[in-house]
Amino acid sequence: MEFEALGTHWWIESPAALKRKTDINKAIEQVDRTWSRFRDDSLVAQMATVPARYPLNESDIDLLEWYKSLYDATDGLVTPLIGQTLSDAGYDKDYSLQPAARIQPTPNWDEVIELGRDAVTIKQPHLIDVGAAGKGYAVDQVARLLDGDFCVDAGGDMVIGNKAMRIGLEDPRDHSKLIGVVEISNASICGSAVNQRAWRDWHHVINPKTSRPAKGILATWAISDNAMHADGLATALFFVSPKQLEGLAPLKYCIMYDDGTVRASADSSITIFTEKN
Amino acid sequence: MSQQNRTKIIGLISIVLISTAATTGVVLIRNMQSGPGSYGPNIVSSVNTTTTSGSTPVSNANYKDGTYTATGSFYTPSGNEQIGVTVTLASNKITNVSIDDSSIYSGTSFAYTDQFAHGINAAVDGKNVDSVNVSRVSGASLTPMAFNSALDTIKNDARA
């Protein structure tokens, strides 16, 4: 089954998917209503204006806890508080793509967020953006409704069930080519590239300390146990070395640098097409 | 950034500073190329003095005590990176040097350090997607329609 949601194209392969269609749509709508910064009725829109204690369900708390792990491991470079900076740069809810005269700096976690076990307290209003791990999170909410052999693919961020699948790594410079193949089962792969959501001298992976796009890397892929982890790790790889992410979650990766060279985990499940072979 | 590069940058910037010390409002541009094939410092610096002065610089002359800041720039494949250096002069000696290299350790240039440190990488030789047996493709090929149409609007505006 295929459809558009959360700003991308979804493709679900599963015998049970049609039967679960209503639940799948509800799960996606729930994520969108909570975390979208592109709609005025979302919780994120409220958090951007009203400091308060916001009760959240368990999976949303998990998402913020995961963000805190990434924040700590990357010394603040992966942060949900990048929303206002992104918006100022032009990637706002109206897609104006016009950078503001002044790009607001990104606050520290503790200035805004106090995370509890069933609620988050927003100490001062700020625009949150969960793009770094949010799509993966949404894919997980759908994947947990399915079992057996399945694939949930949201624009290249995917969860794969029991049956192993060969997934091509798309060359960001030429979409008719693959730079490699990975073989995975009961895992997730998420990819991130910077030449798609790009405008003027900006792209959408922004370094909160420089308030400028991350440099040097063209695309990353991360394979992990679930999509929330894989998506967050794929983002983190734009800012820190894989070594710095050890221990956060299972990780196999592939990084493509600006010059077209690639670095990948030495794992038999990953094949990179290099000039040597 | 490696220790040698830091030392080189400080050294070069210090030379620039000393040669313009005791002059107000001077902007000095020096281009110093490092050796071929390296990404060493290519210093372009501007000096802002924080003291007022009376004398013009003369070699071997007295340099006015004070604190001077300069911005050094070094080359990376995707453009120049900035580094700030603060030097204190007292009795014609540098008594303190500090560098503000937050941009380097904040992930701006780590990709290059990381890349070179591992002595990677074979260049990729992509294969046509039709020639490889895969079930799905992971990439970022699908940009939201709203984003694309916004880009189109900008391009049209730019042409107008």
# chains A, B, ... in the order shown; residues from 1 in each chain; ligands from 1
>>> interface_residues(of="chain A", to="chain B", cutoff="8 Å", atoms="only C-alpha atoms", output="PyMOL selection string")
chain A and resi 7-9+77+95-97+155-158+165-172+175-181+189-193+196-197+199+207+209-210+214-217+238-241+257+260-263+272-276
>>> residues_around(residues="Ser211 of chain A", least_positions_apart="2", cutoff="12 Å", atoms="only C-alpha atoms", output="ChimeraX atom specification")
/A:77,81-89,99,102-107,202-209,213-215 /B:103,106-108
>>> write_last_selection(atoms="N, CA and C atoms", output="short mmCIF file (atom, residue, chain, number, x, y, z; two decimals), in the first residue's frame")
data_model
loop_
_atom_site.label_atom_id
_atom_site.label_comp_id
_atom_site.auth_asym_id
_atom_site.auth_seq_id
_atom_site.Cartn_x
_atom_site.Cartn_y
_atom_site.Cartn_z
N LEU A 77 25.13 18.82 19.39
CA LEU A 77 25.01 19.09 17.95
C LEU A 77 23.73 18.52 17.36
N LEU A 81 15.94 21.36 19.56
CA LEU A 81 15.71 22.80 19.69
C LEU A 81 16.21 23.58 18.48
N ILE A 82 16.49 22.85 17.40
CA ILE A 82 17.00 23.46 16.17
C ILE A 82 15.85 24.07 15.35
N GLY A 83 14.62 23.88 15.82
CA GLY A 83 13.44 24.30 15.06
C GLY A 83 13.43 25.76 14.65
N GLN A 84 13.72 26.66 15.61
CA GLN A 84 13.66 28.09 15.29
C GLN A 84 14.77 28.48 14.31
N THR A 85 15.94 27.87 14.49
CA THR A 85 17.07 28.13 13.59
C THR A 85 16.72 27.70 12.17
N LEU A 86 16.14 26.51 12.05
CA LEU A 86 15.73 25.99 10.74
C LEU A 86 14.72 26.92 10.10
N SER A 87 13.78 27.35 10.92
CA SER A 87 12.71 28.21 10.44
C SER A 87 13.27 29.56 10.00
N ASP A 88 14.17 30.13 10.80
CA ASP A 88 14.81 31.39 10.44
C ASP A 88 15.60 31.26 9.14
N ALA A 89 16.18 30.10 8.95
CA ALA A 89 16.98 29.88 7.74
C ALA A 89 16.09 29.82 6.49
N PRO A 99 15.87 33.10 3.92
CA PRO A 99 16.56 33.23 5.21
C PRO A 99 16.25 34.59 5.85
N ARG A 102 18.27 37.79 10.66
CA ARG A 102 19.01 37.27 11.81
C ARG A 102 18.55 35.84 12.10
N ILE A 103 19.52 34.96 12.20
CA ILE A 103 19.22 33.56 12.53
C ILE A 103 19.38 33.42 14.04
N GLN A 104 18.29 33.07 14.71
CA GLN A 104 18.36 32.98 16.17
C GLN A 104 19.24 31.81 16.61
N PRO A 105 20.04 32.02 17.65
CA PRO A 105 20.88 30.91 18.13
C PRO A 105 20.02 29.84 18.79
N THR A 106 20.56 28.64 18.87
CA THR A 106 19.82 27.52 19.44
C THR A 106 20.09 27.45 20.93
N PRO A 107 19.04 27.43 21.75
CA PRO A 107 19.28 27.34 23.20
C PRO A 107 19.77 25.95 23.62
N TRP A 202 21.97 27.12 1.97
CA TRP A 202 21.53 26.34 3.12
C TRP A 202 21.16 24.93 2.72
N HIS A 203 21.28 24.01 3.67
CA HIS A 203 20.55 22.74 3.56
C HIS A 203 19.98 22.44 4.94
N HIS A 204 19.23 21.35 5.05
CA HIS A 204 18.40 21.20 6.24
C HIS A 204 19.08 20.55 7.44
N VAL A 205 20.34 20.14 7.31
CA VAL A 205 21.05 19.58 8.48
C VAL A 205 21.93 20.71 9.03
N ILE A 206 21.38 21.38 10.03
CA ILE A 206 22.04 22.59 10.51
C ILE A 206 22.79 22.35 11.81
N ASN A 207 23.98 22.91 11.90
CA ASN A 207 24.82 22.81 13.08
C ASN A 207 24.37 23.90 14.06
N PRO A 208 23.88 23.50 15.23
CA PRO A 208 23.34 24.51 16.15
C PRO A 208 24.40 25.45 16.72
N LYS A 209 25.67 25.05 16.66
CA LYS A 209 26.69 25.92 17.23
C LYS A 209 27.16 26.98 16.24
N PRO A 213 24.71 25.24 7.83
CA PRO A 213 24.60 23.82 7.49
C PRO A 213 25.87 23.05 7.81
N ALA A 214 25.70 21.79 8.16
CA ALA A 214 26.85 20.92 8.41
C ALA A 214 27.64 20.77 7.11
N LYS A 215 28.96 20.68 7.23
CA LYS A 215 29.81 20.64 6.04
C LYS A 215 30.56 19.32 5.90
N SER B 103 34.74 26.72 16.48
CA SER B 103 34.15 26.27 15.22
C SER B 103 34.73 24.94 14.80
N SER B 106 33.30 22.13 17.05
CA SER B 106 31.85 22.03 17.06
C SER B 106 31.33 21.26 15.87
N GLY B 107 32.17 20.52 15.24
CA GLY B 107 31.69 19.68 14.16
C GLY B 107 31.80 20.29 12.79
N THR B 108 32.22 21.55 12.71
CA THR B 108 32.29 22.16 11.38
C THR B 108 33.30 21.46 10.48
#
>>> atom_distance(atom1="atom CA of Leu251 of chain A", atom2="atom CA of Ser265 of chain A")
8.7 Å
>>> atom_distance(atom1="atom CA of Ala219 of chain A", atom2="atom CA of Trp109 of chain A")
26.5 Å
>>> atom_distance(atom1="atom CA of Ile160 of chain A", atom2="atom CA of Ala143 of chain A")
8.4 Å
>>> select_by_dssp(residues="segment 161-214 of chain A", states="strand (DSSP E or B)", output="list in words")
Met165, Arg166, Ile167, Gly168, Leu169, Glu170, Lys177, Leu178, Ile179, Gly180, Val181, Val182, Glu183, Ile184, Ala187, Ser188, Ile189, Cys190, Gly191, Ser192, Ala193, Ala198, Trp199, Trp202, His203, Ile206, Asn207, Arg212 and Pro213 of chain A
>>> write_last_selection(atoms="N, CA, C and O atoms", output="compact mmCIF listing (two decimals), in the first residue's frame")
# COMPACT_ATOMS: atom_id res chain seq x y z
N MET A 165 16.03 -8.36 3.32
CA MET A 165 15.88 -7.64 2.06
C MET A 165 17.20 -6.98 1.68
O MET A 165 17.97 -6.59 2.56
N ARG A 166 17.43 -6.87 0.39
CA ARG A 166 18.60 -6.16 -0.10
C ARG A 166 18.17 -4.73 -0.41
O ARG A 166 17.24 -4.51 -1.18
N ILE A 167 18.83 -3.80 0.23
CA ILE A 167 18.46 -2.39 0.08
C ILE A 167 19.60 -1.65 -0.61
O ILE A 167 20.76 -1.70 -0.14
N GLY A 168 19.28 -0.97 -1.70
CA GLY A 168 20.30 -0.21 -2.41
C GLY A 168 20.55 1.13 -1.74
O GLY A 168 19.62 1.76 -1.24
N LEU A 169 21.78 1.56 -1.74
CA LEU A 169 22.12 2.89 -1.22
C LEU A 169 22.20 3.85 -2.40
O LEU A 169 23.08 3.73 -3.25
N GLU A 170 21.28 4.76 -2.44
CA GLU A 170 21.16 5.65 -3.59
C GLU A 170 22.29 6.67 -3.62
O GLU A 170 22.59 7.32 -2.63
N LYS A 177 21.83 5.79 -9.86
CA LYS A 177 22.91 4.90 -9.45
C LYS A 177 22.82 4.54 -7.97
O LYS A 177 22.25 5.26 -7.16
N LEU A 178 23.45 3.40 -7.66
CA LEU A 178 23.60 2.97 -6.28
C LEU A 178 25.07 2.97 -5.94
O LEU A 178 25.90 2.60 -6.77
N ILE A 179 25.40 3.36 -4.74
CA ILE A 179 26.80 3.32 -4.32
C ILE A 179 27.11 2.06 -3.53
O ILE A 179 28.25 1.80 -3.19
N GLY A 180 26.08 1.30 -3.24
CA GLY A 180 26.30 0.08 -2.49
C GLY A 180 24.98 -0.61 -2.19
O GLY A 180 23.90 -0.12 -2.57
N VAL A 181 25.07 -1.74 -1.52
CA VAL A 181 23.89 -2.52 -1.14
C VAL A 181 24.08 -3.03 0.28
O VAL A 181 25.20 -3.37 0.68
N VAL A 182 22.99 -3.02 1.04
CA VAL A 182 23.06 -3.64 2.36
C VAL A 182 21.98 -4.71 2.43
O VAL A 182 20.95 -4.60 1.77
N GLU A 183 22.24 -5.71 3.23
CA GLU A 183 21.25 -6.77 3.40
C GLU A 183 20.82 -6.78 4.85
O GLU A 183 21.65 -6.92 5.75
N ILE A 184 19.53 -6.55 5.09
CA ILE A 184 19.10 -6.49 6.49
C ILE A 184 17.78 -7.21 6.73
O ILE A 184 16.95 -7.35 5.83
N ALA A 187 15.51 -5.13 11.26
CA ALA A 187 16.33 -3.95 11.54
C ALA A 187 15.78 -2.79 10.74
O ALA A 187 14.81 -2.93 10.00
N SER A 188 16.44 -1.66 10.90
CA SER A 188 16.02 -0.46 10.17
C SER A 188 17.21 0.19 9.51
O SER A 188 18.32 0.18 10.05
N ILE A 189 16.99 0.74 8.34
CA ILE A 189 18.00 1.59 7.72
C ILE A 189 17.37 2.94 7.42
O ILE A 189 16.23 3.01 6.94
N CYS A 190 18.09 3.99 7.75
CA CYS A 190 17.65 5.34 7.44
C CYS A 190 18.78 6.08 6.73
O CYS A 190 19.94 5.93 7.11
N GLY A 191 18.41 6.84 5.73
CA GLY A 191 19.42 7.58 4.99
C GLY A 191 19.13 9.06 5.04
O GLY A 191 17.98 9.47 5.18
N SER A 192 20.17 9.85 4.95
CA SER A 192 20.04 11.30 4.99
C SER A 192 20.99 11.88 3.96
O SER A 192 22.14 11.48 3.92
N ALA A 193 20.51 12.81 3.15
CA ALA A 193 21.41 13.46 2.19
C ALA A 193 21.11 14.96 2.22
O ALA A 193 19.99 15.36 2.51
N ALA A 198 17.61 21.62 -0.04
CA ALA A 198 18.66 22.63 -0.06
C ALA A 198 18.13 23.86 -0.78
O ALA A 198 17.36 23.75 -1.73
N TRP A 199 18.53 25.03 -0.30
CA TRP A 199 18.09 26.27 -0.90
C TRP A 199 19.15 27.33 -0.64
O TRP A 199 19.83 27.28 0.38
N TRP A 202 21.97 27.12 1.97
CA TRP A 202 21.53 26.34 3.12
C TRP A 202 21.16 24.93 2.72
O TRP A 202 20.76 24.66 1.59
N HIS A 203 21.28 24.01 3.67
CA HIS A 203 20.55 22.74 3.56
C HIS A 203 19.98 22.44 4.94
O HIS A 203 20.23 23.17 5.89
N ILE A 206 21.38 21.38 10.03
CA ILE A 206 22.04 22.59 10.51
C ILE A 206 22.79 22.35 11.81
O ILE A 206 22.30 21.66 12.71
N ASN A 207 23.98 22.91 11.90
CA ASN A 207 24.82 22.81 13.08
C ASN A 207 24.37 23.90 14.06
O ASN A 207 24.46 25.08 13.75
N ARG A 212 24.76 27.21 10.87
CA ARG A 212 25.00 27.06 9.43
C ARG A 212 24.91 25.57 9.11
O ARG A 212 25.01 24.74 10.00
N PRO A 213 24.71 25.24 7.83
CA PRO A 213 24.60 23.82 7.49
C PRO A 213 25.87 23.05 7.81
O PRO A 213 26.97 23.59 7.73
>>> residues_around(residues="Glu111 of chain A", least_positions_apart="4", cutoff="12 Å", atoms="only C-alpha atoms", output="ChimeraX atom specification")
/A:51,81,106-107,115,121-126
>>> write_last_selection(atoms="N, CA, C and O atoms", output="CSV table (one decimal), in the first residue's frame")
chain,number,residue,atom,x,y,z
A,51,PRO,N,4.8,28.2,27.8
A,51,PRO,CA,5.6,27.4,28.7
A,51,PRO,C,4.7,26.7,29.6
A,51,PRO,O,3.8,27.3,30.2
A,81,LEU,N,15.9,21.4,19.6
A,81,LEU,CA,15.7,22.8,19.7
A,81,LEU,C,16.2,23.6,18.5
A,81,LEU,O,16.3,24.8,18.5
A,106,THR,N,20.6,28.6,18.9
A,106,THR,CA,19.8,27.5,19.4
A,106,THR,C,20.1,27.5,20.9
A,106,THR,O,21.2,27.4,21.3
A,107,PRO,N,19.0,27.4,21.8
A,107,PRO,CA,19.3,27.3,23.2
A,107,PRO,C,19.8,26.0,23.6
A,107,PRO,O,19.7,25.0,22.9
A,115,LEU,N,12.6,17.0,31.2
A,115,LEU,CA,11.9,15.7,30.8
A,115,LEU,C,11.6,14.9,32.0
A,115,LEU,O,12.5,14.5,32.7
A,121,THR,N,8.2,19.3,30.6
A,121,THR,CA,8.0,20.7,30.9
A,121,THR,C,8.8,21.6,30.0
A,121,THR,O,10.0,21.4,29.9
A,122,ILE,N,8.1,22.5,29.3
A,122,ILE,CA,8.7,23.4,28.5
A,122,ILE,C,8.9,24.7,29.3
A,122,ILE,O,7.9,25.4,29.6
A,123,LYS,N,10.1,25.0,29.7
A,123,LYS,CA,10.4,26.1,30.6
A,123,LYS,C,10.3,27.4,29.9
A,123,LYS,O,9.8,28.4,30.5
A,124,GLN,N,10.8,27.5,28.7
A,124,GLN,CA,10.5,28.7,27.9
A,124,GLN,C,10.1,28.3,26.5
A,124,GLN,O,10.7,27.4,26.0
A,125,PRO,N,9.2,29.0,26.0
A,125,PRO,CA,8.6,28.5,24.7
A,125,PRO,C,9.7,28.5,23.6
A,125,PRO,O,10.5,29.4,23.5
A,126,HIS,N,9.8,27.5,22.8
A,126,HIS,CA,10.7,27.4,21.7
A,126,HIS,C,10.2,26.4,20.7
A,126,HIS,O,9.5,25.5,21.0
>>> decode(residues="segment 204-216 of chain A", atoms="N, CA, C and O atoms", output="compact mmCIF listing (two decimals), in the first residue's frame")
# COMPACT_ATOMS: atom_id res chain seq x y z
N HIS A 204 19.23 21.35 5.05
CA HIS A 204 18.40 21.20 6.24
C HIS A 204 19.08 20.55 7.44
O HIS A 204 18.44 20.41 8.48
N VAL A 205 20.34 20.14 7.31
CA VAL A 205 21.05 19.58 8.48
C VAL A 205 21.93 20.71 9.03
O VAL A 205 23.03 20.95 8.55
N ILE A 206 21.38 21.38 10.03
CA ILE A 206 22.04 22.59 10.51
C ILE A 206 22.79 22.35 11.81
O ILE A 206 22.30 21.66 12.71
N ASN A 207 23.98 22.91 11.90
CA ASN A 207 24.82 22.81 13.08
C ASN A 207 24.37 23.90 14.06
O ASN A 207 24.46 25.08 13.75
N PRO A 208 23.88 23.50 15.23
CA PRO A 208 23.34 24.51 16.15
C PRO A 208 24.40 25.45 16.72
O PRO A 208 24.06 26.52 17.21
N LYS A 209 25.67 25.05 16.66
CA LYS A 209 26.69 25.92 17.23
C LYS A 209 27.16 26.98 16.24
O LYS A 209 27.64 28.02 16.63
N THR A 210 27.04 26.70 14.97
CA THR A 210 27.44 27.68 13.96
C THR A 210 26.22 28.34 13.32
O THR A 210 26.34 29.33 12.62
N SER A 211 25.06 27.76 13.55
CA SER A 211 23.82 28.17 12.87
C SER A 211 24.00 28.17 11.36
O SER A 211 23.45 29.01 10.65
N ARG A 212 24.76 27.21 10.87
CA ARG A 212 25.00 27.06 9.43
C ARG A 212 24.91 25.57 9.11
O ARG A 212 25.01 24.74 10.00
N PRO A 213 24.71 25.24 7.83
CA PRO A 213 24.60 23.82 7.49
C PRO A 213 25.87 23.05 7.81
O PRO A 213 26.97 23.59 7.73
N ALA A 214 25.70 21.79 8.16
CA ALA A 214 26.85 20.92 8.41
C ALA A 214 27.64 20.77 7.11
O ALA A 214 27.07 20.75 6.03
N LYS A 215 28.96 20.68 7.23
CA LYS A 215 29.81 20.64 6.04
C LYS A 215 30.56 19.32 5.90
O LYS A 215 30.82 18.63 6.89
N GLY A 216 30.95 19.04 4.69
CA GLY A 216 31.92 17.97 4.48
C GLY A 216 31.31 16.63 4.11
O GLY A 216 31.99 15.77 3.56
